Structure formats: structure tokens, C-alpha cells
$ cat structure.cif   # mmCIF, C-alpha atoms
data_my_file
loop_
_atom_site.group_PDB
_atom_site.id
_atom_site.type_symbol
_atom_site.label_atom_id
_atom_site.label_comp_id
_atom_site.auth_asym_id
_atom_site.auth_seq_id
_atom_site.Cartn_x
_atom_site.Cartn_y
_atom_site.Cartn_z
ATOM 1 C CA MET A 179 -15.207 105.877 -59.781
ATOM 2 C CA SER A 180 -13.547 102.841 -58.334
ATOM 3 C CA THR A 181 -14.904 99.446 -59.058
ATOM 4 C CA PRO A 182 -16.807 97.913 -56.146
ATOM 5 C CA MET A 183 -14.803 95.237 -54.448
ATOM 6 C CA THR A 184 -16.126 91.772 -54.739
ATOM 7 C CA HIS A 185 -16.801 89.785 -51.622
ATOM 8 C CA LEU A 186 -13.860 87.542 -52.420
ATOM 9 C CA ALA A 187 -11.503 90.449 -52.775
ATOM 10 C CA ILE A 188 -12.600 91.901 -49.471
ATOM 11 C CA GLN A 189 -11.990 88.581 -47.780
ATOM 12 C CA SER A 190 -8.533 88.155 -49.244
ATOM 13 C CA ARG A 191 -7.634 91.709 -48.280
ATOM 14 C CA LEU A 192 -8.766 91.015 -44.710
ATOM 15 C CA VAL A 193 -6.661 87.855 -44.559
ATOM 16 C CA LYS A 194 -3.588 89.649 -45.801
ATOM 17 C CA THR A 195 -3.939 92.534 -43.401
ATOM 18 C CA ARG A 196 -4.987 90.454 -40.352
ATOM 19 C CA ARG A 197 -2.260 90.644 -37.815
ATOM 20 C CA SER A 198 -1.156 87.638 -35.852
ATOM 21 C CA PRO A 199 -2.112 87.768 -32.199
ATOM 22 C CA PRO A 200 0.392 89.686 -30.225
ATOM 23 C CA ARG A 201 2.998 87.460 -28.730
ATOM 24 C CA THR A 202 2.921 87.508 -24.983
ATOM 25 C CA MET A 203 6.066 87.381 -22.961
ATOM 26 C CA CYS A 204 6.135 84.734 -20.289
ATOM 27 C CA VAL A 205 8.466 85.056 -17.412
ATOM 28 C CA SER A 206 8.929 81.819 -15.565
ATOM 29 C CA CYS A 207 11.180 80.770 -12.812
ATOM 30 C CA GLU A 208 12.835 77.450 -13.667
ATOM 31 C CA VAL A 209 13.597 76.693 -10.069
ATOM 32 C CA ALA A 210 9.947 76.979 -9.075
ATOM 33 C CA LEU A 211 8.803 74.881 -12.005
ATOM 34 C CA LYS A 212 11.087 71.946 -11.317
ATOM 35 C CA SER A 213 9.236 69.224 -9.420
ATOM 36 C CA GLU A 214 10.605 68.099 -6.105
ATOM 37 C CA PRO A 215 12.334 64.732 -6.137
ATOM 38 C CA LYS A 216 10.310 62.004 -4.526
ATOM 39 C CA VAL A 217 12.677 61.017 -1.728
ATOM 40 C CA ALA A 218 12.185 60.628 1.980
ATOM 41 C CA PRO A 219 13.437 63.392 4.229
ATOM 42 C CA VAL A 220 16.914 62.886 5.662
ATOM 43 C CA ILE A 221 15.523 63.067 9.188
ATOM 44 C CA SER A 222 13.831 59.786 9.970
ATOM 45 C CA ALA A 223 10.442 61.253 10.649
ATOM 46 C CA PRO A 224 7.358 59.188 10.050
ATOM 47 C CA PRO A 225 5.129 60.267 7.187
ATOM 48 C CA SER A 226 2.192 62.502 7.940
ATOM 49 C CA GLN A 227 -1.103 61.090 9.086
ATOM 50 C CA VAL A 228 -3.336 59.210 6.708
ATOM 51 C CA GLY A 229 -6.489 61.146 6.286
ATOM 52 C CA GLU A 230 -5.096 64.124 4.489
ATOM 53 C CA ALA A 231 -6.645 65.214 1.273
ATOM 54 C CA PRO A 232 -6.341 62.628 -1.472
ATOM 55 C CA GLY A 233 -3.169 63.026 -3.457
ATOM 56 C CA GLN A 234 -1.385 64.823 -0.658
ATOM 57 C CA GLY A 235 -0.834 61.919 1.699
ATOM 58 C CA PRO A 236 2.347 60.143 2.747
ATOM 59 C CA GLU A 237 2.859 58.689 -0.726
ATOM 60 C CA ASP A 238 4.295 61.934 -2.032
ATOM 61 C CA ALA A 239 7.048 61.884 0.553
ATOM 62 C CA VAL A 240 7.987 58.197 0.740
ATOM 63 C CA ILE A 241 7.909 56.612 -2.710
ATOM 64 C CA GLY A 242 11.456 55.531 -3.477
ATOM 65 C CA ALA A 243 12.587 55.758 0.141
ATOM 66 C CA LYS A 244 14.939 53.133 1.542
ATOM 67 C CA VAL A 245 13.575 51.497 4.659
ATOM 68 C CA ARG A 246 14.649 48.841 7.138
ATOM 69 C CA VAL A 247 12.196 46.512 8.849
ATOM 70 C CA LYS A 248 12.427 46.877 12.611
ATOM 71 C CA VAL A 249 9.923 44.316 13.900
ATOM 72 C CA PRO A 250 9.662 40.551 13.359
ATOM 73 C CA VAL A 251 7.532 39.950 10.259
ATOM 74 C CA LYS A 252 7.279 36.564 8.558
ATOM 75 C CA VAL A 253 5.964 36.295 5.020
ATOM 76 C CA TYR A 254 5.056 33.182 3.103
ATOM 77 C CA HIS A 255 4.488 34.373 -0.441
ATOM 78 C CA VAL A 256 8.044 34.649 -1.703
ATOM 79 C CA PRO A 257 8.759 32.503 -4.760
ATOM 80 C CA ARG A 258 11.107 29.598 -4.036
ATOM 81 C CA VAL A 259 11.210 30.423 -0.328
ATOM 82 C CA PRO A 260 8.473 29.056 1.942
ATOM 83 C CA GLU A 261 9.088 31.481 4.791
ATOM 84 C CA VAL A 262 11.075 34.707 5.033
ATOM 85 C CA GLU A 263 11.797 36.688 8.208
ATOM 86 C CA LEU A 264 12.041 40.348 7.310
ATOM 87 C CA ILE A 265 13.497 41.929 10.448
ATOM 88 C CA GLY A 266 16.673 43.822 9.592
ATOM 89 C CA MET A 267 16.086 43.617 5.841
ATOM 90 C CA GLU A 268 16.270 46.762 3.748
ATOM 91 C CA GLY A 269 13.934 47.555 0.901
ATOM 92 C CA THR A 270 12.514 50.349 -1.206
ATOM 93 C CA VAL A 271 9.031 51.791 -0.884
ATOM 94 C CA LYS A 272 7.340 51.259 -4.229
ATOM 95 C CA GLN A 273 3.776 52.258 -3.619
ATOM 96 C CA TYR A 274 1.392 53.659 -1.062
ATOM 97 C CA VAL A 275 -1.894 51.803 -1.404
ATOM 98 C CA GLY A 276 -3.843 53.809 1.161
ATOM 99 C CA VAL A 277 -5.262 56.074 -1.530
ATOM 100 C CA PHE A 278 -6.829 54.676 -4.682
ATOM 101 C CA ARG A 279 -8.064 56.989 -7.449
ATOM 102 C CA GLY A 280 -8.429 59.792 -4.941
ATOM 103 C CA THR A 281 -10.349 57.692 -2.389
ATOM 104 C CA GLN A 282 -9.010 56.670 1.010
ATOM 105 C CA ILE A 283 -8.700 52.913 1.291
ATOM 106 C CA SER A 284 -8.751 51.103 4.623
ATOM 107 C CA ALA A 285 -5.620 49.074 3.917
ATOM 108 C CA SER A 286 -4.000 48.157 7.227
ATOM 109 C CA LEU A 287 -0.594 47.689 5.557
ATOM 110 C CA PRO A 288 -0.451 50.586 3.128
ATOM 111 C CA PHE A 289 3.265 50.713 2.300
ATOM 112 C CA LYS A 290 4.295 48.345 -0.483
ATOM 113 C CA VAL A 291 8.021 47.732 -0.071
ATOM 114 C CA GLU A 292 10.210 45.825 -2.504
ATOM 115 C CA PHE A 293 12.972 43.582 -1.217
ATOM 116 C CA VAL A 294 15.637 41.509 -2.907
ATOM 117 C CA LYS A 295 16.750 38.278 -1.293
ATOM 118 C CA GLU A 296 19.667 36.207 -2.391
ATOM 119 C CA ILE A 297 18.813 32.519 -2.635
ATOM 120 C CA ILE A 298 21.900 30.444 -1.970
ATOM 121 C CA GLY A 299 22.179 26.812 -2.871
ATOM 122 C CA GLY A 300 19.784 24.533 -4.665
ATOM 123 C CA ASN A 301 19.156 24.355 -8.381
ATOM 124 C CA ARG A 302 17.855 27.891 -8.773
ATOM 125 C CA SER A 303 20.056 30.136 -6.676
ATOM 126 C CA GLY A 304 20.141 33.842 -7.327
ATOM 127 C CA PRO A 305 18.376 37.042 -6.302
ATOM 128 C CA VAL A 306 14.641 36.963 -5.753
ATOM 129 C CA LYS A 307 12.679 40.187 -5.870
ATOM 130 C CA PHE A 308 9.456 40.361 -3.891
ATOM 131 C CA SER A 309 7.086 42.953 -2.464
ATOM 132 C CA VAL A 310 5.652 43.090 1.022
ATOM 133 C CA HIS A 311 2.987 45.348 2.453
ATOM 134 C CA LEU A 312 4.041 46.975 5.703
ATOM 135 C CA LYS A 313 2.591 49.487 8.096
ATOM 136 C CA GLU A 314 4.210 52.662 9.303
ATOM 137 C CA ASP A 315 5.468 51.383 12.637
ATOM 138 C CA GLU A 316 7.109 48.285 11.185
ATOM 139 C CA PHE A 317 9.972 50.066 9.494
ATOM 140 C CA ASP A 318 12.410 52.953 9.821
ATOM 141 C CA TYR A 319 13.742 55.116 7.037
ATOM 142 C CA VAL A 320 17.388 54.447 6.239
ATOM 143 C CA MET B 215 -16.830 30.723 -2.677
ATOM 144 C CA ARG B 216 -17.127 27.380 -0.891
ATOM 145 C CA LYS B 217 -14.916 25.667 -3.455
ATOM 146 C CA PHE B 218 -12.496 28.582 -3.444
ATOM 147 C CA SER B 219 -12.226 28.412 0.357
ATOM 148 C CA GLU B 220 -11.533 24.687 0.300
ATOM 149 C CA GLN B 221 -8.913 24.995 -2.421
ATOM 150 C CA TYR B 222 -7.175 27.929 -0.805
ATOM 151 C CA ALA B 223 -7.113 26.237 2.601
ATOM 152 C CA ARG B 224 -5.394 23.223 1.026
ATOM 153 C CA ARG B 225 -2.978 25.360 -0.973
ATOM 154 C CA SER B 226 -2.010 27.537 1.990
ATOM 155 C CA GLY B 227 -1.833 24.752 4.556
ATOM 156 C CA THR B 228 -4.539 26.317 6.718
ATOM 157 C CA TYR B 229 -7.656 24.874 8.300
ATOM 158 C CA PHE B 230 -11.218 25.900 8.966
ATOM 159 C CA CYS B 231 -12.375 26.886 12.410
ATOM 160 C CA VAL B 232 -13.506 24.188 14.859
ATOM 161 C CA ASP B 233 -16.835 26.012 14.810
ATOM 162 C CA LYS B 234 -18.033 25.551 11.254
ATOM 163 C CA GLY B 235 -20.640 28.233 11.843
ATOM 164 C CA VAL B 236 -17.861 30.816 11.682
ATOM 165 C CA THR B 237 -16.603 29.371 8.408
ATOM 166 C CA SER B 238 -20.119 29.316 6.965
ATOM 167 C CA VAL B 239 -20.925 32.912 7.812
ATOM 168 C CA VAL B 240 -17.682 34.152 6.305
ATOM 169 C CA ILE B 241 -18.162 32.145 3.119
ATOM 170 C CA LYS B 242 -21.711 33.494 2.798
ATOM 171 C CA GLY B 243 -20.439 37.025 3.307
ATOM 172 C CA LEU B 244 -17.793 36.565 0.631
ATOM 173 C CA ALA B 245 -20.395 35.204 -1.771
ATOM 174 C CA ASP B 246 -22.729 38.130 -1.087
ATOM 175 C CA HIS B 247 -19.965 40.627 -1.815
ATOM 176 C CA LYS B 248 -19.018 38.749 -4.962
ATOM 177 C CA ASP B 249 -22.612 39.038 -6.132
ATOM 178 C CA SER B 250 -23.060 42.676 -5.204
ATOM 179 C CA LEU B 251 -19.603 44.113 -5.896
ATOM 180 C CA GLY B 252 -18.098 41.666 -8.374
ATOM 181 C CA ALA B 253 -15.305 40.753 -5.969
ATOM 182 C CA PRO B 254 -15.178 38.746 -2.702
ATOM 183 C CA LEU B 255 -14.457 41.671 -0.419
ATOM 184 C CA CYS B 256 -13.693 40.622 3.142
ATOM 185 C CA PRO B 257 -17.052 40.561 4.960
ATOM 186 C CA CYS B 258 -15.511 41.116 8.392
ATOM 187 C CA ARG B 259 -14.535 44.749 7.971
ATOM 188 C CA HIS B 260 -16.243 48.112 7.687
ATOM 189 C CA TYR B 261 -15.668 50.196 4.579
ATOM 190 C CA ASP B 262 -16.515 53.783 3.687
ATOM 191 C CA ASP B 263 -16.526 52.985 -0.020
ATOM 192 C CA LYS B 264 -17.021 49.313 -0.807
ATOM 193 C CA ALA B 265 -16.788 49.759 -4.549
ATOM 194 C CA ALA B 266 -13.418 51.492 -4.286
ATOM 195 C CA GLU B 267 -12.129 48.884 -1.864
ATOM 196 C CA ALA B 268 -13.215 46.053 -4.173
ATOM 197 C CA ALA B 269 -11.595 47.779 -7.134
ATOM 198 C CA GLN B 270 -8.330 48.375 -5.299
ATOM 199 C CA GLY B 271 -8.163 44.779 -4.075
ATOM 200 C CA PHE B 272 -6.303 44.915 -0.761
ATOM 201 C CA TRP B 273 -9.222 43.317 1.070
ATOM 202 C CA ASN B 274 -10.387 40.999 -1.707
ATOM 203 C CA CYS B 275 -10.193 37.441 -0.413
ATOM 204 C CA PRO B 276 -7.541 36.193 -0.062
ATOM 205 C CA CYS B 277 -6.591 39.577 1.329
ATOM 206 C CA VAL B 278 -3.050 40.924 1.433
ATOM 207 C CA PRO B 279 -2.455 40.035 5.123
ATOM 208 C CA MET B 280 -3.558 36.472 4.405
ATOM 209 C CA ARG B 281 -1.571 36.124 1.184
ATOM 210 C CA GLU B 282 1.614 37.503 2.704
ATOM 211 C CA ARG B 283 1.413 36.690 6.414
ATOM 212 C CA LYS B 284 -1.282 34.029 6.677
ATOM 213 C CA GLU B 285 -3.267 36.323 8.955
ATOM 214 C CA CYS B 286 -7.017 35.926 8.452
ATOM 215 C CA HIS B 287 -8.902 37.996 10.993
ATOM 216 C CA CYS B 288 -12.209 36.464 9.789
ATOM 217 C CA MET B 289 -10.982 33.141 11.129
ATOM 218 C CA LEU B 290 -11.734 31.538 7.792
ATOM 219 C CA PHE B 291 -8.178 30.289 7.183
ATOM 220 C CA LEU B 292 -6.355 29.298 10.363
ATOM 221 C CA THR B 293 -2.788 28.118 10.683
ATOM 222 C CA PRO B 294 -2.367 24.796 12.539
ATOM 223 C CA GLU B 295 -0.898 26.484 15.625
ATOM 224 C CA ASN B 296 -4.011 28.630 16.053
ATOM 225 C CA ASP B 297 -6.046 27.547 19.098
ATOM 226 C CA PHE B 298 -9.277 27.642 17.093
ATOM 227 C CA ALA B 299 -8.011 25.722 14.063
ATOM 228 C CA GLY B 300 -9.880 22.512 13.351
ATOM 229 C CA THR B 301 -8.686 19.631 11.237
ATOM 230 C CA ASP B 302 -10.938 20.140 8.223
ATOM 231 C CA GLN B 303 -10.139 21.817 4.957
ATOM 232 C CA SER B 304 -13.562 21.151 3.537
ATOM 233 C CA ILE B 305 -17.110 22.160 4.287
ATOM 234 C CA SER B 306 -20.339 20.982 2.706
ATOM 235 C CA LEU B 307 -23.039 23.127 1.211
ATOM 236 C CA GLU B 308 -25.504 21.696 3.721
ATOM 237 C CA GLU B 309 -23.373 22.829 6.636
ATOM 238 C CA ILE B 310 -23.216 26.338 5.187
ATOM 239 C CA ARG B 311 -26.957 26.431 4.540
ATOM 240 C CA GLU B 312 -27.765 25.238 8.055
ATOM 241 C CA SER B 313 -25.535 27.806 9.697
ATOM 242 C CA THR B 314 -26.672 30.714 7.565
ATOM 243 C CA ALA B 315 -30.381 29.880 7.347
ATOM 244 C CA ASN B 316 -31.368 32.803 9.573
ATOM 245 C CA MET B 317 -29.213 35.370 7.815
#

$ encode --input "structure.cif" --output "C-alpha cells"
Amino acid sequence: MSTPMTHLAIQSRLVKTRRSPPRTMCVSCEVALKSEPKVAPVISAPPSQVGEAPGQGPEDAVIGAKVRVKVPVKVYHVPRVPEVELIGMEGTVKQYVGVFRGTQISASLPFKVEFVKEIIGGNRSGPVKFSVHLKEDEFDYV
Amino acid sequence: MRKFSEQYARRSGTYFCVDKGVTSVVIKGLADHKDSLGAPLCPCRHYDDKAAEAAQGFWNCPCVPMRERKECHCMLFLTPENDFAGTDQSISLEEIRESTANM
């Protein structure tokens, strides 16, 4: 007659014989998994209408896009420069502020564009980086 | 918000409206938003979500159009070439109280 197994022995036997969960094979397509680069389309089409579902608005298509200002816009907040006329200047779209934490914001100038201006002359000449908020019809994509 | 308005007008080289009633109402509106939302959200616009707008900051006074372009659609800060710009960059508490007594 075999000796009854103690509780501890049963447990250890279960641990030894427990099989690891079967490994599942995953088939993935690398091409599909790669995220699309955030660049503007080559065709200079305006971004889609504001009012789409949060997180799927123009910001996904335009962040990082190079733009050129096409209307006269004067700004007064640039360091070391009292007044800057932006028409013809090229910049990079840094942010779309029309959506904030998933909520539509009523910003009238939702595209935050970064420019660099060369200050010539004076004691502190050199490039000055500044951001300006623009609206859709004030610039074209380069 | 009265002191802020005076300081910002001086700093930006802008002036209050010839009609101080306009200035008073806007300052009162800014103060009310500061009390209720924690930020002086522009009182001259309609918002779907005031809390989100105040948190995001575009329309917190001085709003982005004013900071960058000196465009204040409330007519609180007016550039000298504006037809409605007065010559004052200050306003007293009594003036504000008189103009906003019925609000």
C-alpha cells in the first residue's frame, strides 16, 4: 500500500507538471504597424474642416508642415523686434490648438507656426525664434 | 482686473475706449470669469465649454490675438489709430461701479 501523499507533495508535483501556457503565434504586418509620418500632403490642399471628431482633426495632417504666409499680418510680440510683417515668411506648423484634451476649442487662430528671423545690426544680432498663431486662410503649404 | 487692465494698456501702448462704460463692462466680465473659472476668460465671446477654454488659455486675457496682433475685439485695449481709442490708460473703481451697477 502506497503512502498517502502529503498536501505539500501534491502541490510540488502539480507545480512540476504544470505546463506553461501554450505560446501563441502572432502574425503581424510591419508595414501596417508603422505609423504614418506627420507631414503635409504634397498637394497644397487645405486641412479638413474643424469639427471632426477630437483627435482626428487637421492637426494629424499638418504638424511639421512648412508653410508660407500669404496675407499681410503684423505681430508685436517678437523679442527684440517691436513689429514684424509676416507676409512671405516661411515657418513650420508646431501645434494645432483647436482641440484641447479631446475638446474643441474656439480658437480663431488655431495653427501655431514657428518662424526664425535674422536680426541684423545692433548689439544682439542673430536669429530669433518666435511662434505666431495663424488661421487656415492666412498661409499656404510649401 | 482693473489694475491688470491699466498695467497692460501702458505696457502695450494701447488706450481705453472713449466710452468708459465699454471698458467697465469688459473689466467686470473678466473679473467674473476669474472668480468663477480661475482665469480671466474673454467675456465677449461664446463658448461651448468655458472650463476647457480657460484651461487651454487662447482666450484668457490678454488673449492670443491681443498679445500677438494687438487686436482686442472687446474694445478694452485700443491702438491709438483706432477711431474709438481715448487718451486714458487708467480707470477708477468708481467709474467701473457706476457703469456696472445694473449688471

$ resolve_selection --input "structure.cif" --expression "the PyMOL selection byres ((chain A) within 12 of (chain B))" --output "number ranges by chain"
A: 250-257, 260-264, 274-290, 308-313

$ resolve_selection --input "structure.cif" --expression "the PyMOL selection byres ((chain B and resi 289-291) around 9)" --output "PyMOL selection string"
chain B and resi 219+222-223+226-231+236-238+240-241+280+284-288+292-293+298-299+303

$ closest_residue --input "structure.cif" --among "B:Glu295, B:Glu220, B:Asp233, B:Asp246" --to "Ser313 of chain B" --atoms "only C-alpha atoms"
B:Asp233

$ atom_distance --input "structure.cif" --atom1 "atom CA of Pro305 of chain A" --atom2 "atom CA of Met267 of chain A"
14.0 Å

$ residues_around --input "structure.cif" --residues "segment 317-319 of chain A" --least-positions-apart "6" --cutoff "7 Å" --atoms "all atoms listed in the file" --output "short mmCIF file (atom, residue, chain, number, x, y, z; two decimals) with C-alpha atoms, in the frame of the given file"
data_model
loop_
_atom_site.label_atom_id
_atom_site.label_comp_id
_atom_site.auth_asym_id
_atom_site.auth_seq_id
_atom_site.Cartn_x
_atom_site.Cartn_y
_atom_site.Cartn_z
CA SER A 222 13.83 59.79 9.97
CA LYS A 244 14.94 53.13 1.54
CA VAL A 245 13.58 51.50 4.66
CA ARG A 246 14.65 48.84 7.14
CA VAL A 247 12.20 46.51 8.85
CA LYS A 248 12.43 46.88 12.61
#

$ atom_distance --input "structure.cif" --atom1 "atom CA of Ile305 of chain B" --atom2 "atom CA of Arg216 of chain B"
7.4 Å
